[in-house]
Structures are given as structure tokens and as C-alpha cells.
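**Student:** Structure below; questions to follow.
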Amino acid sequence: MRNWWKALTIILLLYTLIGGLLIPVPKQVILYESIRNLYFHVPMWFSMIFLFLMSVVYSIKGLSSNNLSHDIKAKELVNAGIIFGILGTITGSIWAKFTWGAWWVNDVKLNGSAITMLIYLAYIVLRGSLEDEQKRARISGVYNIFAFVLLLVFIGILPRMTDSLHPGNGGNPGFNNYDLDDNMKLVFYPAVIGWILLGWWIASIRIRISKVTQKLEA
Amino acid sequence: MRYITLIGLLFSSFIASSQNVQMAETMRSEGKIYVVIAVLAVILVGLFLYLITIDRKVSKLEKEANI
């Protein structure tokens with residue numbers, strides 16, 4: 001069974017949905033039941049980062065081997081990652097409205113993730129603007145490495161150095177410290193794996209479509 | 001204004017009557033959260049089926065293109 005992980009994706013996400021809404025969560029002021037968003041909003045970002053990470057891995061592979069199929073993989077992984085980033089932004093915005101009081105606040109992590117999204121949109125634009133295949137693979141590959149480093153800075157490092165409303169950043173305790181109790185871990189970890197696998201599934205379909213299209217055009 | 005009071009009365013009687021009636025069905029317990037789960041599960045399963053269909057279609061195209 002070659003596609004066992006696709007079945008696992010479906011099982012994990014259905015479990016996330018049912019367990020995520022039914023299993024008791026810690027009672028917290030301001031958050032209340034919205035703490036359950038943790039199973040849906042946060043994995044969007046984890047999936048995006050995972051897809052971008054795999055993309056940069058293929059970019060490095062492509063740069064060192066000159067194999068153009070790595071470039072296609074890198075592009076489609078970014079395309080799929082952007083979808084998860086957009087979903088993460090929208091879900092975060094809704095969550096922020098009802099806990100922090102505004103659709104968008106001037107939080108380092110929010111602005112950082114917005115900048116990151118623009119950087120990756122620029123990757124798509126840059127790649128699309130180059131005609132020559134070899135040149136396109138090399139330039140967008142190098143840009144992709146640059147983009148991933150900036151992602152680490154904007155999402156991983158900067159929010160931890162200044163004040164942020166997000167848990168685990170700028171003196172705020174992380175969910176791990178006391179909020180994320182054993183019940184929540186029971187759902188959160190499978191949720192993260194499930195959403196990442198779904199992102200990988202979607203990206204893999206995009207990669208296959210891209211390869212078929214390329215073959216038909218050649 | 002009269003209409004608003006009328007509607008208000010109507011709704012208050014609704015609320016009052018619903019408070020008295022205890023429906024012990026599963027789908028009605030816990031603030032009807034199971035209804036939400038059912039709806040979301042249908043959407044999720046529907047999207048999965050759609051994804052599987054797309055997956056199979058790509059497999060067919062791959063066969064035709066000899067990849």
C-alpha cells in the first residue's frame with residue numbers, strides 16, 4: 001500500500017476535528033473555547049513552514065545537481081505553502097478579533113508573517129518572469145534560500161526578541177508551559193502531523209500535474 | 001414599537017418553552033456541538049473525496065503521458 005500516508009492524513013484530520021471539538025480543554029479567561037483554534041490555526045503555519053522547508057531542500061538539491069525536476073518540486077511546494085499561509089493569516093485574524101480585540105494588531109509575529117508571505121509571492125513572480133529554464137531554476141533556487149532564511153528571521157527569531165502577543169514570544173509563556181495540558185497534546189500533535197501530511201499531499205498532486213504538463217508541452 | 005414588543009414576547013415564550021422541554025437526544029446535548037461536528041465532518045470528508053478524485057485523475061494523466 002503505497003498511499004498509506006494519505007489514509008493516515010484523513011484519519012488524523014477527522015480525529016482532529018472530532019477530538020478537537022469534544023475533548024475538554026483548560027478553562028482560560030479571554031480565550032474560553034477559542035483555545036481549540038490551536039488545533040487548526042497553528043498547524044496551518046507549521047504546514048506552511050514545512051512545505052517551504054522542503055521547497056528550499058529541493059532548491060539546494062537542484063542547484064547542486066542541475067536537475068530541473070527539483071526546481072518544479074520547489075515551485076509547487078511554495079505554491080501549496082502559500083495557501084496554508086493565507087489560511088493561517090485569515091484564521092489568525094478571526095481569532096485575534098475575538099481575543100485581542102482587532103482583526104490586525106501591530107504584533108511582530110503578524111507583521112513578520114505578512115512580510116514572509118510577500119517574500120514568497122515575490123518568489124512566484126520572479127520565477128514566472130524568467131523564460132530560460134536553466135536560468136530560472138538557478139535564480140529562483142538562490143532566491144528561495146534567501147527567502148527561507150528571512151522566514152526564519154521574521155517568524156522564528158524576531159518575535160522572540162521583542163514583545164509579542166503570541167504565546168511563547170517576548171516574555172509571554174508558550175502554550176507548552178502550562179496552557180497546553182495533556183488533553184490538548186492528545187489532539188495537538190496528531191493535528192500538526194495530519195495538517196502537514198495534507199499539505200504534502202496537495203503539493204505532491206501539484207508537482208505531478210506540473211510534470212505531466214511539462215511532458216505534454218515538450 | 002408594538003411589533004418589536006410582540007416579536008420580543010414571541011421569542012421570550014420560545015426561550016421559556018425550550019427551557020422546559022428536555023430533549024435527551026445525542027445531537028441536542030452539549031449545546032448541539034455534535035451538529036457542528038457532523039457538518040464539519042461532512043465538509044472535511046467531501047473535500048477528502050474530492051482530493052482523492054483529483055489524485056486519481058492525475059494518476060490517469062500520468063499513465064497517458066508515460067511518466
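Quick note on naming: the chains in the C-alpha cells go A, B, ... in the order shown, residues restart at 1 in each chain, and ligands are numbered from 1 in order of appearance.
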Could the residues of chain B within 10 Å of chain A, counting only C-alpha atoms, be given as a PDB file with N, CA, C and O atoms, in the first residue's frame, please?
**Tutor:**
ATOM      1  N   GLU B  30     -25.068  19.003  24.944  1.00  0.00           N
ATOM      2  CA  GLU B  30     -23.858  19.844  24.943  1.00  0.00           C
ATOM      3  C   GLU B  30     -23.987  21.040  24.016  1.00  0.00           C
ATOM      4  O   GLU B  30     -23.084  21.313  23.233  1.00  0.00           O
ATOM      5  N   ILE B  33     -23.305  20.803  19.991  1.00  0.00           N
ATOM      6  CA  ILE B  33     -21.971  20.792  19.372  1.00  0.00           C
ATOM      7  C   ILE B  33     -21.849  19.649  18.380  1.00  0.00           C
ATOM      8  O   ILE B  33     -21.132  19.749  17.383  1.00  0.00           O
ATOM      9  N   TYR B  34     -22.583  18.557  18.621  1.00  0.00           N
ATOM     10  CA  TYR B  34     -22.485  17.405  17.709  1.00  0.00           C
ATOM     11  C   TYR B  34     -22.993  17.754  16.316  1.00  0.00           C
ATOM     12  O   TYR B  34     -22.539  17.179  15.330  1.00  0.00           O
ATOM     13  N   VAL B  36     -22.533  20.640  14.862  1.00  0.00           N
ATOM     14  CA  VAL B  36     -21.403  21.328  14.227  1.00  0.00           C
ATOM     15  C   VAL B  36     -20.372  20.302  13.756  1.00  0.00           C
ATOM     16  O   VAL B  36     -19.846  20.383  12.644  1.00  0.00           O
ATOM     17  N   ILE B  37     -20.107  19.307  14.635  1.00  0.00           N
ATOM     18  CA  ILE B  37     -19.139  18.268  14.268  1.00  0.00           C
ATOM     19  C   ILE B  37     -19.612  17.527  13.025  1.00  0.00           C
ATOM     20  O   ILE B  37     -18.833  17.270  12.100  1.00  0.00           O
ATOM     21  N   ALA B  38     -20.912  17.207  12.979  1.00  0.00           N
ATOM     22  CA  ALA B  38     -21.457  16.499  11.821  1.00  0.00           C
ATOM     23  C   ALA B  38     -21.268  17.321  10.551  1.00  0.00           C
ATOM     24  O   ALA B  38     -20.824  16.808   9.523  1.00  0.00           O
ATOM     25  N   LEU B  40     -19.103  19.816   9.961  1.00  0.00           N
ATOM     26  CA  LEU B  40     -17.686  19.933   9.611  1.00  0.00           C
ATOM     27  C   LEU B  40     -17.142  18.618   9.067  1.00  0.00           C
ATOM     28  O   LEU B  40     -16.348  18.602   8.131  1.00  0.00           O
ATOM     29  N   ALA B  41     -17.596  17.505   9.639  1.00  0.00           N
ATOM     30  CA  ALA B  41     -17.136  16.193   9.168  1.00  0.00           C
ATOM     31  C   ALA B  41     -17.576  15.964   7.731  1.00  0.00           C
ATOM     32  O   ALA B  41     -16.821  15.451   6.915  1.00  0.00           O
ATOM     33  N   LEU B  44     -15.323  18.080   5.554  1.00  0.00           N
ATOM     34  CA  LEU B  44     -13.968  17.521   5.502  1.00  0.00           C
ATOM     35  C   LEU B  44     -13.939  16.256   4.642  1.00  0.00           C
ATOM     36  O   LEU B  44     -13.070  16.102   3.772  1.00  0.00           O
ATOM     37  N   VAL B  45     -14.906  15.361   4.869  1.00  0.00           N
ATOM     38  CA  VAL B  45     -14.951  14.118   4.083  1.00  0.00           C
ATOM     39  C   VAL B  45     -15.178  14.444   2.610  1.00  0.00           C
ATOM     40  O   VAL B  45     -14.545  13.858   1.723  1.00  0.00           O
ATOM     41  N   PHE B  48     -11.981  15.566   1.167  1.00  0.00           N
ATOM     42  CA  PHE B  48     -11.065  14.431   1.004  1.00  0.00           C
ATOM     43  C   PHE B  48     -11.427  13.627  -0.234  1.00  0.00           C
ATOM     44  O   PHE B  48     -10.553  13.247  -1.013  1.00  0.00           O
ATOM     45  N   LEU B  49     -12.724  13.369  -0.412  1.00  0.00           N
ATOM     46  CA  LEU B  49     -13.160  12.610  -1.586  1.00  0.00           C
ATOM     47  C   LEU B  49     -12.767  13.351  -2.862  1.00  0.00           C
ATOM     48  O   LEU B  49     -12.322  12.745  -3.835  1.00  0.00           O
ATOM     49  N   LEU B  51     -10.272  15.439  -3.191  1.00  0.00           N
ATOM     50  CA  LEU B  51      -8.817  15.345  -3.317  1.00  0.00           C
ATOM     51  C   LEU B  51      -8.421  13.983  -3.887  1.00  0.00           C
ATOM     52  O   LEU B  51      -7.541  13.883  -4.753  1.00  0.00           O
ATOM     53  N   ILE B  52      -9.088  12.924  -3.425  1.00  0.00           N
ATOM     54  CA  ILE B  52      -8.800  11.569  -3.920  1.00  0.00           C
ATOM     55  C   ILE B  52      -9.144  11.483  -5.411  1.00  0.00           C
ATOM     56  O   ILE B  52      -8.392  10.899  -6.204  1.00  0.00           O
ATOM     57  N   ILE B  54      -9.138  13.953  -7.599  1.00  0.00           N
ATOM     58  CA  ILE B  54      -8.101  14.692  -8.331  1.00  0.00           C
ATOM     59  C   ILE B  54      -6.838  13.838  -8.428  1.00  0.00           C
ATOM     60  O   ILE B  54      -6.234  13.710  -9.493  1.00  0.00           O
ATOM     61  N   ASP B  55      -6.483  13.202  -7.298  1.00  0.00           N
ATOM     62  CA  ASP B  55      -5.303  12.344  -7.241  1.00  0.00           C
ATOM     63  C   ASP B  55      -5.388  11.255  -8.321  1.00  0.00           C
ATOM     64  O   ASP B  55      -4.444  11.013  -9.064  1.00  0.00           O
ATOM     65  N   ARG B  56      -6.568  10.608  -8.404  1.00  0.00           N
ATOM     66  CA  ARG B  56      -6.747   9.521  -9.376  1.00  0.00           C
ATOM     67  C   ARG B  56      -6.669  10.040 -10.797  1.00  0.00           C
ATOM     68  O   ARG B  56      -6.129   9.382 -11.682  1.00  0.00           O
ATOM     69  N   LYS B  57      -7.232  11.253 -11.013  1.00  0.00           N
ATOM     70  CA  LYS B  57      -7.228  11.840 -12.352  1.00  0.00           C
ATOM     71  C   LYS B  57      -5.790  12.093 -12.801  1.00  0.00           C
ATOM     72  O   LYS B  57      -5.435  11.834 -13.951  1.00  0.00           O
ATOM     73  N   VAL B  58      -4.974  12.602 -11.863  1.00  0.00           N
ATOM     74  CA  VAL B  58      -3.573  12.863 -12.192  1.00  0.00           C
ATOM     75  C   VAL B  58      -2.867  11.546 -12.504  1.00  0.00           C
ATOM     76  O   VAL B  58      -2.079  11.462 -13.447  1.00  0.00           O
ATOM     77  N   SER B  59      -3.183  10.487 -11.734  1.00  0.00           N
ATOM     78  CA  SER B  59      -2.588   9.178 -11.999  1.00  0.00           C
ATOM     79  C   SER B  59      -2.904   8.727 -13.419  1.00  0.00           C
ATOM     80  O   SER B  59      -2.055   8.176 -14.118  1.00  0.00           O
ATOM     81  N   LEU B  61      -3.666  10.671 -15.993  1.00  0.00           N
ATOM     82  CA  LEU B  61      -2.908  11.522 -16.915  1.00  0.00           C
ATOM     83  C   LEU B  61      -1.453  11.071 -17.005  1.00  0.00           C
ATOM     84  O   LEU B  61      -0.859  11.065 -18.080  1.00  0.00           O
ATOM     85  N   GLU B  62      -0.898  10.692 -15.832  1.00  0.00           N
ATOM     86  CA  GLU B  62       0.490  10.229 -15.804  1.00  0.00           C
ATOM     87  C   GLU B  62       0.663   8.983 -16.657  1.00  0.00           C
ATOM     88  O   GLU B  62       1.652   8.818 -17.363  1.00  0.00           O
ATOM     89  N   LYS B  63      -0.331   8.086 -16.600  1.00  0.00           N
ATOM     90  CA  LYS B  63      -0.285   6.865 -17.397  1.00  0.00           C
ATOM     91  C   LYS B  63      -0.298   7.217 -18.877  1.00  0.00           C
ATOM     92  O   LYS B  63       0.442   6.649 -19.679  1.00  0.00           O
ATOM     93  N   GLU B  64      -1.179   8.184 -19.230  1.00  0.00           N
ATOM     94  CA  GLU B  64      -1.303   8.571 -20.641  1.00  0.00           C
ATOM     95  C   GLU B  64      -0.030   9.255 -21.142  1.00  0.00           C
ATOM     96  O   GLU B  64       0.347   9.109 -22.298  1.00  0.00           O
ATOM     97  N   ALA B  65       0.604  10.020 -20.249  1.00  0.00           N
ATOM     98  CA  ALA B  65       1.819  10.742 -20.659  1.00  0.00           C
ATOM     99  C   ALA B  65       3.077   9.897 -20.460  1.00  0.00           C
ATOM    100  O   ALA B  65       4.177  10.355 -20.737  1.00  0.00           O
ATOM    101  N   ASN B  66       2.892   8.664 -19.989  1.00  0.00           N
ATOM    102  CA  ASN B  66       4.005   7.732 -19.755  1.00  0.00           C
ATOM    103  C   ASN B  66       5.066   8.284 -18.805  1.00  0.00           C
ATOM    104  O   ASN B  66       6.254   8.294 -19.120  1.00  0.00           O
ATOM    105  N   ILE B  67       4.622   8.722 -17.638  1.00  0.00           N
ATOM    106  CA  ILE B  67       5.594   9.199 -16.649  1.00  0.00           C
ATOM    107  C   ILE B  67       5.824   8.099 -15.617  1.00  0.00           C
ATOM    108  O   ILE B  67       4.883   7.556 -15.082  1.00  0.00           O
TER     109      ILE B  67
END
**Student:** Apply DSSP to the structure's backbone, then extract all residues of range 24-168 of chain A labelled alpha helix (DSSP H) and return them as a PyMOL selection string.
**Tutor:** chain A and resi 41-65+68-99+108-129+133-151+158-161
**Student:** Interatomic distance between CA of Ile23 in chain A and CA of Met44 in chain A?
**Tutor:** 20.7 Å
**Student:** Do you know which residues are at most 10 Å from Leu126 in chain A counting only C-alpha atoms, after dropping those on the same chain fewer than 2 positions away, and could you put them as a list in words?
**Tutor:**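 Listed by chain and then number, they are Tyr120, Leu121, Ala122, Tyr123, Ile124, Gly128, Ser129, Leu130, Arg136, Ile139, Ser140 and Tyr143 of chain A.
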